[in-house]
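Enquirer: Here you go, start_24.txt (compact mmCIF, C-alpha atoms):
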```
# COMPACT_ATOMS: atom_id res chain seq x y z
CA MET A 1 -81.91 -50.18 44.21
CA SER A 2 -82.27 -53.32 46.23
CA ARG A 3 -82.76 -56.55 44.36
CA ARG A 4 -84.35 -59.53 46.01
CA ALA A 5 -83.49 -63.01 44.87
CA PRO A 6 -86.21 -64.79 42.91
CA GLN A 7 -88.21 -67.19 45.03
CA ASP A 8 -86.61 -70.41 43.77
CA PRO A 9 -88.00 -70.16 40.24
CA GLN A 10 -88.41 -73.38 38.32
CA LEU A 11 -88.17 -72.06 34.77
CA ASP A 12 -89.09 -74.31 31.89
CA GLY A 13 -88.88 -73.79 28.14
CA THR A 14 -92.19 -71.91 28.03
CA ASP A 15 -91.04 -69.49 30.74
CA LEU A 16 -87.79 -68.89 28.86
CA LYS A 17 -89.70 -68.23 25.62
CA ILE A 18 -91.93 -65.72 27.43
CA LEU A 19 -88.91 -63.97 28.93
CA ALA A 20 -87.10 -63.85 25.59
CA ALA A 21 -90.15 -62.42 23.79
CA LEU A 22 -90.75 -59.78 26.47
CA SER A 23 -87.08 -58.81 26.51
CA ARG A 24 -87.26 -58.19 22.75
CA ASP A 25 -90.54 -56.26 22.99
CA GLY A 26 -92.02 -55.48 26.37
CA ARG A 27 -95.10 -53.91 24.73
CA LEU A 28 -96.48 -57.22 23.48
CA THR A 29 -100.11 -57.82 24.32
CA ASN A 30 -100.90 -61.04 26.12
CA ALA A 31 -102.55 -62.35 22.93
CA ALA A 32 -99.48 -61.62 20.80
CA LEU A 33 -97.16 -63.04 23.45
CA ALA A 34 -99.23 -66.23 23.73
CA ALA A 35 -99.19 -66.63 19.93
CA GLN A 36 -95.39 -66.20 19.78
CA VAL A 37 -94.81 -68.67 22.59
CA GLY A 38 -97.42 -71.15 21.35
CA VAL A 39 -99.61 -71.36 24.45
CA ALA A 40 -103.17 -70.40 25.34
CA GLU A 41 -103.72 -66.79 26.39
CA SER A 42 -104.83 -67.85 29.87
CA THR A 43 -101.68 -69.95 30.29
CA CYS A 44 -99.54 -67.06 29.12
CA ALA A 45 -101.18 -64.57 31.49
CA TYR A 46 -100.75 -67.00 34.39
CA ARG A 47 -97.08 -67.58 33.54
CA VAL A 48 -96.34 -63.84 33.29
CA ARG A 49 -98.04 -63.22 36.65
CA ALA A 50 -96.03 -66.05 38.20
CA LEU A 51 -92.77 -64.70 36.75
CA ARG A 52 -93.56 -61.29 38.26
CA ALA A 53 -94.62 -62.72 41.62
CA SER A 54 -91.44 -64.81 41.90
CA GLY A 55 -89.23 -61.80 41.14
CA VAL A 56 -87.93 -63.08 37.81
CA ILE A 57 -89.60 -60.18 35.96
CA THR A 58 -88.85 -57.07 37.98
CA ALA A 59 -89.92 -54.39 35.47
CA ILE A 60 -90.35 -53.65 31.79
CA HIS A 61 -88.53 -50.58 30.50
CA ALA A 62 -88.54 -48.28 27.50
CA HIS A 63 -85.12 -47.60 25.96
CA ILE A 64 -84.91 -43.83 25.59
CA ASP A 65 -82.62 -42.00 23.18
CA THR A 66 -80.99 -39.51 25.55
CA ALA A 67 -79.76 -37.43 22.60
CA ALA A 68 -83.40 -36.81 21.65
CA LEU A 69 -83.80 -35.32 25.14
CA GLY A 70 -80.81 -33.02 24.68
CA ARG A 71 -78.29 -35.24 26.49
CA PRO A 72 -76.05 -36.70 23.77
CA LEU A 73 -72.84 -36.90 25.81
CA HIS A 74 -72.38 -40.12 27.78
CA ALA A 75 -69.63 -40.75 30.30
CA ILE A 76 -68.53 -43.40 32.76
CA ILE A 77 -67.31 -41.80 35.97
CA ARG A 78 -65.08 -43.98 38.11
CA VAL A 79 -65.38 -43.09 41.79
CA ARG A 80 -62.88 -44.10 44.47
CA LEU A 81 -63.63 -43.69 48.14
CA GLY A 82 -61.25 -42.85 50.97
CA GLY A 83 -62.97 -45.24 53.35
CA HIS A 84 -65.48 -48.06 53.22
CA ASN A 85 -67.75 -47.61 56.20
CA ARG A 86 -71.23 -48.93 55.48
CA ASP A 87 -73.32 -45.79 56.13
CA PRO A 88 -71.25 -43.34 54.04
CA VAL A 89 -71.06 -45.85 51.18
CA HIS A 90 -74.85 -46.36 51.19
CA THR A 91 -75.45 -42.62 51.50
CA LEU A 92 -73.28 -41.91 48.46
CA PHE A 93 -74.92 -44.74 46.52
CA ASP A 94 -78.37 -43.29 47.28
CA ARG A 95 -77.29 -39.77 46.27
CA LEU A 96 -75.71 -40.98 43.03
CA VAL A 97 -78.82 -42.82 41.83
CA GLU A 98 -80.95 -39.75 42.63
CA THR A 99 -78.73 -37.40 40.60
CA PRO A 100 -80.33 -35.99 37.42
CA GLY A 101 -78.52 -37.33 34.36
CA VAL A 102 -77.28 -40.48 36.06
CA LEU A 103 -78.49 -43.56 34.16
CA THR A 104 -76.89 -46.40 36.12
CA VAL A 105 -74.66 -46.75 39.16
CA PHE A 106 -72.63 -49.88 39.79
CA HIS A 107 -71.10 -50.57 43.22
CA VAL A 108 -68.05 -52.61 42.24
CA SER A 109 -64.96 -54.32 43.62
CA GLY A 110 -61.40 -53.51 42.60
CA ASP A 111 -59.60 -50.20 42.46
CA ASP A 112 -62.83 -48.24 41.96
CA ASP A 113 -65.83 -48.33 44.24
CA PHE A 114 -68.53 -47.01 41.91
CA LEU A 115 -69.01 -46.75 38.16
CA VAL A 116 -71.50 -44.05 37.25
CA HIS A 117 -73.02 -43.96 33.75
CA ALA A 118 -74.32 -40.47 33.05
CA ALA A 119 -75.85 -38.62 30.09
CA VAL A 120 -75.43 -34.85 29.88
CA ALA A 121 -75.90 -32.07 27.35
CA THR A 122 -72.41 -30.55 27.33
CA PRO A 123 -68.90 -31.05 28.68
CA GLN A 124 -69.62 -28.23 31.13
CA ASP A 125 -72.66 -30.13 32.43
CA LEU A 126 -70.45 -33.18 32.92
CA ARG A 127 -67.92 -31.09 34.85
CA ASP A 128 -70.71 -29.66 37.00
CA LEU A 129 -72.17 -33.10 37.70
CA ILE A 130 -68.79 -34.34 38.89
CA LEU A 131 -67.81 -31.25 40.89
CA GLU A 132 -71.21 -30.38 42.35
CA ARG A 133 -72.74 -33.84 42.86
CA ILE A 134 -69.93 -36.37 43.26
CA THR A 135 -66.67 -34.92 44.56
CA VAL A 136 -68.51 -32.83 47.19
CA HIS A 137 -69.32 -36.02 49.07
CA PRO A 138 -66.83 -36.28 51.97
CA GLY A 139 -66.07 -39.95 51.30
CA VAL A 140 -64.96 -39.44 47.68
CA ARG A 141 -61.19 -39.51 47.28
CA GLN A 142 -60.87 -39.50 43.48
CA THR A 143 -62.82 -39.60 40.23
CA GLN A 144 -61.80 -40.44 36.71
CA THR A 145 -64.04 -39.83 33.72
CA GLN A 146 -64.22 -41.69 30.44
CA LEU A 147 -66.31 -40.48 27.51
CA VAL A 148 -68.44 -43.09 25.78
CA PHE A 149 -68.02 -43.05 22.01
CA GLU A 150 -70.47 -45.86 21.30
CA ALA A 151 -72.49 -48.39 23.27
CA ARG A 152 -74.13 -51.62 22.22
CA THR A 153 -76.48 -53.84 24.14
CA GLY A 154 -75.37 -57.42 24.62
CA VAL A 155 -77.49 -60.46 23.87
CA GLY A 156 -78.32 -60.95 27.54
CA VAL A 157 -78.70 -64.11 29.55
CA LEU A 158 -81.55 -65.83 27.73
CA PRO A 159 -81.02 -68.45 25.04
CA PRO A 160 -81.10 -66.96 21.53
CA SER A 161 -84.41 -67.06 19.71
CA PRO A 162 -84.83 -69.63 16.90
CA ALA A 163 -85.39 -66.78 14.41
CA LEU A 164 -82.04 -65.21 15.34
CA GLU A 165 -80.28 -68.55 15.10
CA ALA A 166 -81.85 -69.14 11.66
CA ARG A 167 -80.55 -65.77 10.44
CA LYS A 168 -77.05 -66.64 11.65
CA THR A 169 -76.98 -69.90 9.72
CA THR A 170 -78.33 -68.41 6.49
CA ARG A 171 -75.77 -65.61 6.23
CA PRO A 172 -73.60 -65.85 3.14
CA THR A 173 -69.99 -66.80 3.79
CA ARG A 174 -67.09 -64.87 2.32
```
What's the structure tokens form of this structure?
Expert:
Amino acid sequence: MSRRAPQDPQLDGTDLKILAALSRDGRLTNAALAAQVGVAESTCAYRVRALRASGVITAIHAHIDTAALGRPLHAIIRVRLGGHNRDPVHTLFDRLVETPGVLTVFHVSGDDDFLVHAAVATPQDLRDLILERITVHPGVRQTQTQLVFEARTGVGVLPPSPALEARKTTRPTR
């Protein structure tokens, strides 16, 4: 997946509020979004279009429970390559992201070259994914697999919402 840099976005407080609201709930209607942000619907629609056109908003996703789809087992597969020639690296990257069960692929620096986040139904499916889809690539020298016990989503890069900050300050102390 190729990411282009945003076209020099000049984000103000209204843009940041729109981004924060959409990151919490991407299904908001324009009317609901405008009401949350405190701007006219036409202004909100214009701002969202501009954020998309500039590349700041690249997509809006649904978070899917993979266990509900019969894939409860998550793993991070560390992949090390034997060489780092451009074409084989890009070919492997393309194959990894097209592999059923693969959720995210990171091309990274350090000892490993790729981190592959996958969701599978069984340990045997995980073994098959590694042996039949990853280690068969001629450039792969080694893999190491880690099972994921639990995952949590971080707060992201946007400033916290005022409602979240209010909840933090009103928590009872022990």
Enquirer: Let me make sure I understand: among A:Thr14, A:Gln146, A:Thr43, A:Thr135, which one has the smallest atom-to-atom distance to Leu96 in chain A if we use all atoms listed in the file?
Expert: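 Checking each of A:Thr14, A:Gln146, A:Thr43, A:Thr135 against Leu96 in chain A, counting all atoms listed in the file, the winner is A:Thr135.
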Enquirer: Counting all atoms listed in the file, what is within 12 Å of Arg24 in chain A, bar same-chain residues fewer than 3 positions away, as a list of chain:residue names?
Expert: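 Listing them by chain and then by number gives A:Lys17, A:Ile18, A:Leu19, A:Ala20, A:Ala21, A:Arg27, A:Leu28, A:Leu33, A:Gln36, A:Ile60, A:His61, A:Ala62, A:His63, A:Thr153, A:Val155, A:Gly156, A:Leu158, A:Pro160, A:Ser161, A:Leu164.
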Enquirer: Select all residues near (-66.5, -41.4, 24.9) (cut-off 8 Å, inclusive, file coordinates), counting all atoms listed in the file, and output them as JSON, numbers by chain.
Expert: {"A": [73, 74, 75, 146, 147, 148, 149, 150]}
Enquirer: Could you give me, as a ChimeraX atom specification, the residues that sit within 12 Å of (-95.3, -63.8, 32.6) in the file's coordinates, counting all atoms listed in the file?
Expert: /A:11,14-23,26,28-30,33-34,37,39,41-60
Enquirer: Can you tell me how far CA of His84 in chain A sits from CA of Asp125 in chain A, in Å to one decimal?
Expert: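 Computing the Euclidean distance for CA of His84 in chain A and CA of Asp125 in chain A yields 28.4 Å.
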